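Asker: First the structure, which I've put down as structure tokens, then a few questions once you've had a look.
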Amino acid sequence: MENHIIKLAEDKWNQQDYPAAADMLDSYLFKHPNDLTAINLRALVDHSMGNSEHAVTRLSKALGQAPNALLLQYNLGVILNDLARYEEAEKILVPLVESHPNPVTVLRQLERTYARLKNFGALLDVYIWLMELNAFEDSCRPNLHHCMEYCSPLNYKPAFEPEIIRYLTDDEKDPEAIRKLASIQLSAKYQLKSSDSNVTAKEFADDPFFLCVLTTLQVSDPGIEGLLIALRRELLADVVNTGQLDDLLVPVAVALAIQNYFNEYVHAIDVDEQNVINQLISGVSENLSVDDFDVDTVTYTLLIIAMYSNPCDIPNIGKMLGSDSPQWPTPLTPIRDLLLDEKERELLASEVIAQSSIEDTVSQKVQRQYEENPYPRWLRCCPMAYRSLAERLEAVLFDFSATEPLHNSRLNLLIAGCGTGKQVVQYARSFPEARIVAFDLSSKSLAYTQQKLNQYNLTNVELFQADILSVEQFENDFDVIVCTGVLHHIKEPVTAWMRLLSMLRDGGYMHIALYSRLARGHINNIRDVIEREQLTPDVHSIRDVRTRVMTGELNDLTNSSDFYSASNCRDLLFHIQEKQYDLPEIKDILAELQLDFLGFDKEVKRLPGFQEFFPDQSMSLDLDCWHRYEQEYPDTFAAMYSFWCAKPGA
């Protein structure tokens with residue numbers, strides 16, 4: 001009879017007749033005040049009637065008497081989530097996962113909790129747990145991908161591997177966004193803590209995860225680098241000893257060739273390896289000098305060479321890359337595609353016409369560096385997840401209310417010092433109606449940009465070769481000027497900044513990024529060694545310095561993604577011109593230029609010690625406060641001081 005009353009009350013609750021359910025349960029609980037089933041249902045009725053705080057009180061009191069009541073714990077967590085009391089919900093739900101008979105339901109609540117708290121690491125763990133329980137839902141994938149871009153589990157998660165592959169092979173995803181995650185997972189999978197590895201190439205031939213990572217992004221892990229060097233050496237020795245490459249190992253060789261193309265052959269090469277490669281290059285060049293060369297022999301030898309150096313540099317290679325070139329074996333076509341892309345960029349670079357003279361001697365030296373090493377190489381670029389630039393800035397900056405131009409889809413945007421164009425393509429894809437102008441010193445960088453614009457069929461961009469110090473063809477009509485990672489490579493950064501400011505309309509916005517002197521202290525120590533030893537910025541010196549870093553002779557840079565390719569490492573350590581700043585200097589420059597500081601391009605709430613330094617979030621607009629914060633956390637601006645500012649006006 002008593003259970004029947006609870007069942008009737010539950011029926012009334014399901015029928016949304018909450019007053020009737022409440023009356024029945026109150027009468028029942030008057031006689032049976034400790035019945036947990038009735039207490040739980042009464043709390044749910046309270047919650048349904050809008051009396052959620054009463055429900056929390058009721059459940060909390062009951063749990064004080066019966067702390068192991070799983071159903072009460074779960075429902076308390078759900079109601080706390082509904083009340084946006086996420087920290088309290090987390091404390092209730094986390095211990096419940098292991099003990100609950102249906103952990104999936106608890107994990108789904110924790111997904112809500114961590115999504116609202118923007119705790120991406122914990123949310124990623126929840127998704128991986130759901131994968132391991134075969135309960136991950138496709139509708140969660142956008143959130144999962146967002147988490148993947150922010151963090152990585154430190155231990156290898158087999159159930160997670162297919163999702164990494166899915167991300168890396170998605171044309172609308174940027175593989176660089178999960179470079180660290182993929183590298184950590186690959187390193188953890190094979191326990192690659194050093195260059196000493198007992199695994200052989202055959203163990204990787206049928207590993208889709210290994211092959212996918214190597215062929216879609218530039219890996220950045222010293223353990224993986226040691227493995228790749230060992231595998232490359234093993235394959236070369238097999239060819240030398242047997243005269244051929246085992247067909248089973250061709251996918252590994254292709255992956256190694258693509259990976260070394262990505263990193264521009266920055267991995268260490270010993271003298272014996274180099275001698276063998278030199279002989280192979282000489283042999284291929286000689287074979288290509290005749291008309292009836294053996295295609296298979298040449299292409300497979302090219303594959304071995306491509307693990308060590310760029311086949312485009314081989315004399316007579318044009319015979320393998322022209323429109324009437326012979327068919328390459330199918331497994332090797334990815335190598336051919338990379339080489340054809342490079343040849344296309346060479347042609348595009350030759351078509352670039354300078355728009356203004358580059359007369360400053362420092363600018364000329366910087367130009368020469370980026371002609372030799374366009375920076376950075378990149379594969380894909382996805383649009384921003386915002387409908388307008390206004391929405392983008394309002395999501396990041398404190399108390400920022402965008403003016404009309406940022407809401408306007410026909411934004412006038414200038415990107416000064418665009419490099420190889422990743423920002424250009426991202427803005428062009430994000431805001432297809434915008435008018436975008438971009439320029440750079442380097443014709444090869446601009447060629448890279450143009451090739452990517454062609455790849456995405458983007459026609460809303462004008463490219464120019466020019467120097468900020470002497471560019472003259474633009475009026476002051478730009479709504480936004482982006483100049484990130486550029487001014488500090490100019491002889492007179494403030495002069496160049498003023499030149500850009502003259503092109504910005506009144507009330508316009510600027511995105512600037514400059515090096516932090518404090519954050520680059522360990523880099524400066526290595527730059528001092530390079531200057532003292534008068535090392536030249538060629539690949540041999542770059543390899544030598546990297547070896548000294550990895551053996552501990554020089555400061556550790558292995559956490560920097562720029563450490564893992566030749567162009568990036570040259571930019572990091574061998575740059576011909578580099579000016580660094582601290583925040584008081586930047587504050588003074590902004591005052592001199594009469595620019596309003598709008599905030600850093602960072603999600604400040606995720607920074608360590610944020611609440612201690614910024615109890616009032618408006619302090620995030622105070623550069624003196626940020627200077628204090630940086631002294632405590634010197635790696636905060638390891639990338640750069642990346643910030644937005646505005647020109648006063650209409």
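Residue numbering restarts at 1 for every chain of the structure tokens, chains are lettered A, B, ... in their displayed order, and ligands are numbered from 1 as they appear.
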Might you pull out every residue within 12 Å of range 143-146 of chain A, with only C-alpha atoms counted and same-chain residues fewer than 2 positions away left off, and present them as an mmCIF file with N, CA and C atoms, in the first residue's frame?

Answerer:
```cif
data_model
loop_
_atom_site.group_PDB
_atom_site.id
_atom_site.type_symbol
_atom_site.label_atom_id
_atom_site.label_comp_id
_atom_site.auth_asym_id
_atom_site.auth_seq_id
_atom_site.Cartn_x
_atom_site.Cartn_y
_atom_site.Cartn_z
ATOM 1 N N GLU A 111 29.673 16.054 -18.386
ATOM 2 C CA GLU A 111 29.910 16.776 -19.648
ATOM 3 C C GLU A 111 29.289 18.166 -19.565
ATOM 4 N N ARG A 112 28.049 18.252 -19.061
ATOM 5 C CA ARG A 112 27.400 19.563 -18.879
ATOM 6 C C ARG A 112 28.219 20.443 -17.940
ATOM 7 N N TYR A 114 31.468 20.372 -17.013
ATOM 8 C CA TYR A 114 32.770 20.841 -17.481
ATOM 9 C C TYR A 114 32.651 21.751 -18.700
ATOM 10 N N ALA A 115 31.615 21.538 -19.507
ATOM 11 C CA ALA A 115 31.402 22.437 -20.646
ATOM 12 C C ALA A 115 31.096 23.845 -20.158
ATOM 13 N N ARG A 116 30.272 23.968 -19.106
ATOM 14 C CA ARG A 116 29.936 25.287 -18.577
ATOM 15 C C ARG A 116 31.121 25.928 -17.862
ATOM 16 N N LYS A 118 34.135 25.472 -18.716
ATOM 17 C CA LYS A 118 35.212 25.573 -19.701
ATOM 18 C C LYS A 118 36.476 24.870 -19.213
ATOM 19 N N ASN A 119 36.258 23.770 -18.500
ATOM 20 C CA ASN A 119 37.371 22.932 -18.054
ATOM 21 C C ASN A 119 37.604 21.891 -19.145
ATOM 22 N N PHE A 120 38.372 22.291 -20.164
ATOM 23 C CA PHE A 120 38.480 21.466 -21.364
ATOM 24 C C PHE A 120 39.245 20.169 -21.118
ATOM 25 N N GLY A 121 40.216 20.210 -20.204
ATOM 26 C CA GLY A 121 40.956 18.991 -19.903
ATOM 27 C C GLY A 121 40.061 17.935 -19.283
ATOM 28 N N ALA A 122 39.272 18.327 -18.293
ATOM 29 C CA ALA A 122 38.356 17.386 -17.643
ATOM 30 C C ALA A 122 37.264 16.933 -18.610
ATOM 31 N N LEU A 123 36.796 17.858 -19.458
ATOM 32 C CA LEU A 123 35.761 17.504 -20.434
ATOM 33 C C LEU A 123 36.308 16.494 -21.440
ATOM 34 N N LEU A 124 37.566 16.664 -21.847
ATOM 35 C CA LEU A 124 38.180 15.696 -22.760
ATOM 36 C C LEU A 124 38.258 14.323 -22.102
ATOM 37 N N ASP A 125 38.609 14.290 -20.815
ATOM 38 C CA ASP A 125 38.653 13.011 -20.098
ATOM 39 C C ASP A 125 37.277 12.350 -20.088
ATOM 40 N N VAL A 126 36.224 13.146 -19.916
ATOM 41 C CA VAL A 126 34.863 12.600 -19.937
ATOM 42 C C VAL A 126 34.560 11.971 -21.293
ATOM 43 N N TYR A 127 34.913 12.658 -22.358
ATOM 44 C CA TYR A 127 34.632 12.121 -23.698
ATOM 45 C C TYR A 127 35.409 10.835 -23.951
ATOM 46 N N ILE A 128 36.667 10.797 -23.511
ATOM 47 C CA ILE A 128 37.460 9.579 -23.706
ATOM 48 C C ILE A 128 36.860 8.429 -22.904
ATOM 49 N N LEU A 130 33.718 8.074 -22.186
ATOM 50 C CA LEU A 130 32.543 7.642 -22.937
ATOM 51 C C LEU A 130 32.943 6.778 -24.134
ATOM 52 N N MET A 131 34.035 7.116 -24.791
ATOM 53 C CA MET A 131 34.526 6.292 -25.898
ATOM 54 C C MET A 131 34.878 4.894 -25.412
ATOM 55 N N PHE A 136 30.074 7.178 -26.718
ATOM 56 C CA PHE A 136 30.296 8.518 -27.264
ATOM 57 C C PHE A 136 29.304 8.774 -28.395
ATOM 58 N N GLU A 137 28.708 9.962 -28.418
ATOM 59 C CA GLU A 137 27.706 10.304 -29.429
ATOM 60 C C GLU A 137 28.268 11.302 -30.430
ATOM 61 N N ASP A 138 27.890 11.126 -31.691
ATOM 62 C CA ASP A 138 28.400 12.005 -32.748
ATOM 63 C C ASP A 138 28.077 13.474 -32.491
ATOM 64 N N SER A 139 26.962 13.734 -31.829
ATOM 65 C CA SER A 139 26.569 15.121 -31.580
ATOM 66 C C SER A 139 27.560 15.850 -30.667
ATOM 67 N N CYS A 140 28.367 15.074 -29.947
ATOM 68 C CA CYS A 140 29.357 15.674 -29.039
ATOM 69 C C CYS A 140 30.664 16.024 -29.756
ATOM 70 N N ARG A 141 30.786 15.622 -31.011
ATOM 71 C CA ARG A 141 32.088 15.751 -31.684
ATOM 72 C C ARG A 141 32.585 17.192 -31.791
ATOM 73 N N MET A 148 40.103 19.057 -27.848
ATOM 74 C CA MET A 148 41.356 18.546 -28.393
ATOM 75 C C MET A 148 42.322 19.675 -28.739
ATOM 76 N N GLU A 149 41.773 20.815 -29.108
ATOM 77 C CA GLU A 149 42.611 21.948 -29.487
ATOM 78 C C GLU A 149 43.226 22.650 -28.283
ATOM 79 N N TYR A 150 42.720 22.351 -27.097
ATOM 80 C CA TYR A 150 43.205 23.023 -25.896
ATOM 81 C C TYR A 150 44.112 22.148 -25.034
ATOM 82 N N CYS A 151 43.928 20.841 -25.077
ATOM 83 C CA CYS A 151 44.642 20.021 -24.103
ATOM 84 C C CYS A 151 44.814 18.597 -24.619
ATOM 85 N N SER A 152 45.576 17.814 -23.854
ATOM 86 C CA SER A 152 45.879 16.447 -24.254
ATOM 87 C C SER A 152 46.012 15.567 -23.024
ATOM 88 N N PHE A 160 40.804 6.697 -28.069
ATOM 89 C CA PHE A 160 40.864 8.073 -28.549
ATOM 90 C C PHE A 160 41.522 8.173 -29.926
ATOM 91 N N GLU A 163 39.570 9.123 -33.131
ATOM 92 C CA GLU A 163 39.118 10.508 -33.169
ATOM 93 C C GLU A 163 40.237 11.454 -33.577
ATOM 94 N N ILE A 164 41.457 11.150 -33.181
ATOM 95 C CA ILE A 164 42.590 11.970 -33.612
ATOM 96 C C ILE A 164 42.770 11.839 -35.121
ATOM 97 N N ILE A 165 42.675 10.617 -35.620
ATOM 98 C CA ILE A 165 42.790 10.389 -37.071
ATOM 99 C C ILE A 165 41.672 11.122 -37.800
ATOM 100 N N ARG A 166 40.452 11.037 -37.268
ATOM 101 C CA ARG A 166 39.313 11.720 -37.895
ATOM 102 C C ARG A 166 39.582 13.225 -37.989
ATOM 103 N N TYR A 167 40.104 13.791 -36.919
ATOM 104 C CA TYR A 167 40.395 15.229 -36.902
ATOM 105 C C TYR A 167 41.481 15.568 -37.921
ATOM 106 N N LEU A 168 42.564 14.812 -37.917
ATOM 107 C CA LEU A 168 43.707 15.121 -38.774
ATOM 108 C C LEU A 168 43.385 14.983 -40.255
ATOM 109 N N ASP A 170 40.347 15.571 -41.580
ATOM 110 C CA ASP A 170 39.197 16.415 -41.916
ATOM 111 C C ASP A 170 39.706 17.679 -42.611
ATOM 112 N N GLU A 172 38.388 20.369 -43.127
ATOM 113 C CA GLU A 172 37.945 21.609 -42.493
ATOM 114 C C GLU A 172 38.541 21.798 -41.097
ATOM 115 N N LYS A 173 39.544 21.010 -40.774
ATOM 116 C CA LYS A 173 40.246 21.167 -39.502
ATOM 117 C C LYS A 173 41.711 21.503 -39.768
ATOM 118 N N ASP A 174 42.276 22.271 -38.847
ATOM 119 C CA ASP A 174 43.687 22.634 -38.931
ATOM 120 C C ASP A 174 44.492 21.631 -38.110
ATOM 121 N N PRO A 175 45.274 20.759 -38.741
ATOM 122 C CA PRO A 175 46.008 19.747 -37.973
ATOM 123 C C PRO A 175 46.954 20.343 -36.942
ATOM 124 N N ALA A 177 46.389 22.559 -34.911
ATOM 125 C CA ALA A 177 45.676 22.851 -33.664
ATOM 126 C C ALA A 177 45.803 21.720 -32.661
ATOM 127 N N ILE A 178 46.043 20.493 -33.137
ATOM 128 C CA ILE A 178 46.204 19.376 -32.196
ATOM 129 C C ILE A 178 47.588 18.739 -32.344
ATOM 130 N N LEU A 181 48.795 17.476 -28.940
ATOM 131 C CA LEU A 181 48.016 16.317 -28.523
ATOM 132 C C LEU A 181 48.450 15.068 -29.292
ATOM 133 N N ALA A 385 35.350 30.549 -35.664
ATOM 134 C CA ALA A 385 34.016 30.100 -35.247
ATOM 135 C C ALA A 385 33.159 31.285 -34.819
#
```

Asker: Mind giving me the straight-line distance from CA of Arg606 in chain A to CA of Lys180 in chain A in Å, one decimal?

Answerer: 18.4 Å

Asker: Let's see if you can do this: from backbone DSSP, list all strand (DSSP E or B) residues in range 239-443 of chain A, as a PDB file with N, CA and C atoms, in the first residue's frame.

Answerer:
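Generated file (part-v8.pdb):
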```pdb
ATOM      1  N   ALA A 354      57.016  43.682 -57.215  1.00  0.00           N
ATOM      2  CA  ALA A 354      57.184  44.575 -56.059  1.00  0.00           C
ATOM      3  C   ALA A 354      56.333  45.826 -56.234  1.00  0.00           C
ATOM      4  N   ASN A 412      37.033  46.491 -44.162  1.00  0.00           N
ATOM      5  CA  ASN A 412      38.299  46.787 -44.837  1.00  0.00           C
ATOM      6  C   ASN A 412      39.435  46.381 -43.911  1.00  0.00           C
ATOM      7  N   LEU A 413      40.204  45.377 -44.315  1.00  0.00           N
ATOM      8  CA  LEU A 413      41.203  44.777 -43.435  1.00  0.00           C
ATOM      9  C   LEU A 413      42.567  44.767 -44.103  1.00  0.00           C
ATOM     10  N   LEU A 414      43.589  45.200 -43.368  1.00  0.00           N
ATOM     11  CA  LEU A 414      44.974  45.162 -43.848  1.00  0.00           C
ATOM     12  C   LEU A 414      45.770  44.203 -42.970  1.00  0.00           C
ATOM     13  N   ILE A 415      46.505  43.279 -43.605  1.00  0.00           N
ATOM     14  CA  ILE A 415      47.406  42.387 -42.881  1.00  0.00           C
ATOM     15  C   ILE A 415      48.820  42.721 -43.324  1.00  0.00           C
ATOM     16  N   ALA A 416      49.565  43.345 -42.426  1.00  0.00           N
ATOM     17  CA  ALA A 416      50.905  43.843 -42.745  1.00  0.00           C
ATOM     18  C   ALA A 416      51.949  42.838 -42.279  1.00  0.00           C
ATOM     19  N   ARG A 435      36.972  43.168 -47.675  1.00  0.00           N
ATOM     20  CA  ARG A 435      38.051  43.549 -48.587  1.00  0.00           C
ATOM     21  C   ARG A 435      39.350  43.416 -47.800  1.00  0.00           C
ATOM     22  N   ILE A 436      40.216  42.499 -48.230  1.00  0.00           N
ATOM     23  CA  ILE A 436      41.440  42.201 -47.497  1.00  0.00           C
ATOM     24  C   ILE A 436      42.647  42.542 -48.360  1.00  0.00           C
ATOM     25  N   VAL A 437      43.541  43.318 -47.801  1.00  0.00           N
ATOM     26  CA  VAL A 437      44.808  43.651 -48.444  1.00  0.00           C
ATOM     27  C   VAL A 437      45.921  43.086 -47.571  1.00  0.00           C
ATOM     28  N   ALA A 438      46.902  42.436 -48.182  1.00  0.00           N
ATOM     29  CA  ALA A 438      48.010  41.860 -47.417  1.00  0.00           C
ATOM     30  C   ALA A 438      49.305  42.088 -48.170  1.00  0.00           C
ATOM     31  N   PHE A 439      50.367  42.345 -47.412  1.00  0.00           N
ATOM     32  CA  PHE A 439      51.677  42.497 -48.070  1.00  0.00           C
ATOM     33  C   PHE A 439      52.764  41.908 -47.199  1.00  0.00           C
ATOM     34  N   ASP A 440      53.902  41.628 -47.834  1.00  0.00           N
ATOM     35  CA  ASP A 440      55.050  41.049 -47.144  1.00  0.00           C
ATOM     36  C   ASP A 440      56.309  41.399 -47.924  1.00  0.00           C
TER      37      ASP A 440
END
```

Asker: To one decimal place in Å, what is the distance between CA of His540 in chain A and CA of Ile304 in chain A?

Answerer: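 Straight-line distance from CA of His540 in chain A to CA of Ile304 in chain A works out to 20.1 Å.
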
Asker: For range 285-301 of chain A, find every residue with an atom within 12 Å (counting only C-alpha atoms), except residues of its own chain fewer than 2 positions away, and show them as number ranges by chain.

Answerer: A: 235-236, 239-240, 243-247, 249-251, 253-254, 257, 276-283, 303-308, 311-321, 325-333, 335-336

Asker: With distances taken over only C-alpha atoms, which of A:Arg410, A:Phe398, A:Ala519, A:Asp171 is nearest to Asp616 in chain A?

Answerer: A:Phe398

Asker: Which residue out of A:Arg546, A:Lys31, A:His488, A:His627 has the minimum interatomic distance to Asp562 in chain A when only C-alpha atoms are used?

Answerer: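 Of all the options, A:Arg546 lies closest to Asp562 in chain A.
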
Asker: Would you pick out the contacts of Tyr629 in chain A at 12 Å or less, using only C-alpha atoms, so that residues sharing its chain but fewer than 5 positions from it are not included, and give the list as a PyMOL selection string?

Answerer: chain A and resi 518+583+604+607-614+619-620+622-624+634-637

Asker: I'd like the interatomic distance between CA of Arg345 in chain A and CA of Lys444 in chain A, to a tenth of an Å.

Answerer: 7.2 Å

Asker: Return the single residue from A:Asp337, A:Asp82, A:Glu132, A:Glu578 that is closest to Gln109 in chain A, with distances computed using only C-alpha atoms.

Answerer: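 Under the stated criterion, the closest residue is A:Asp82.
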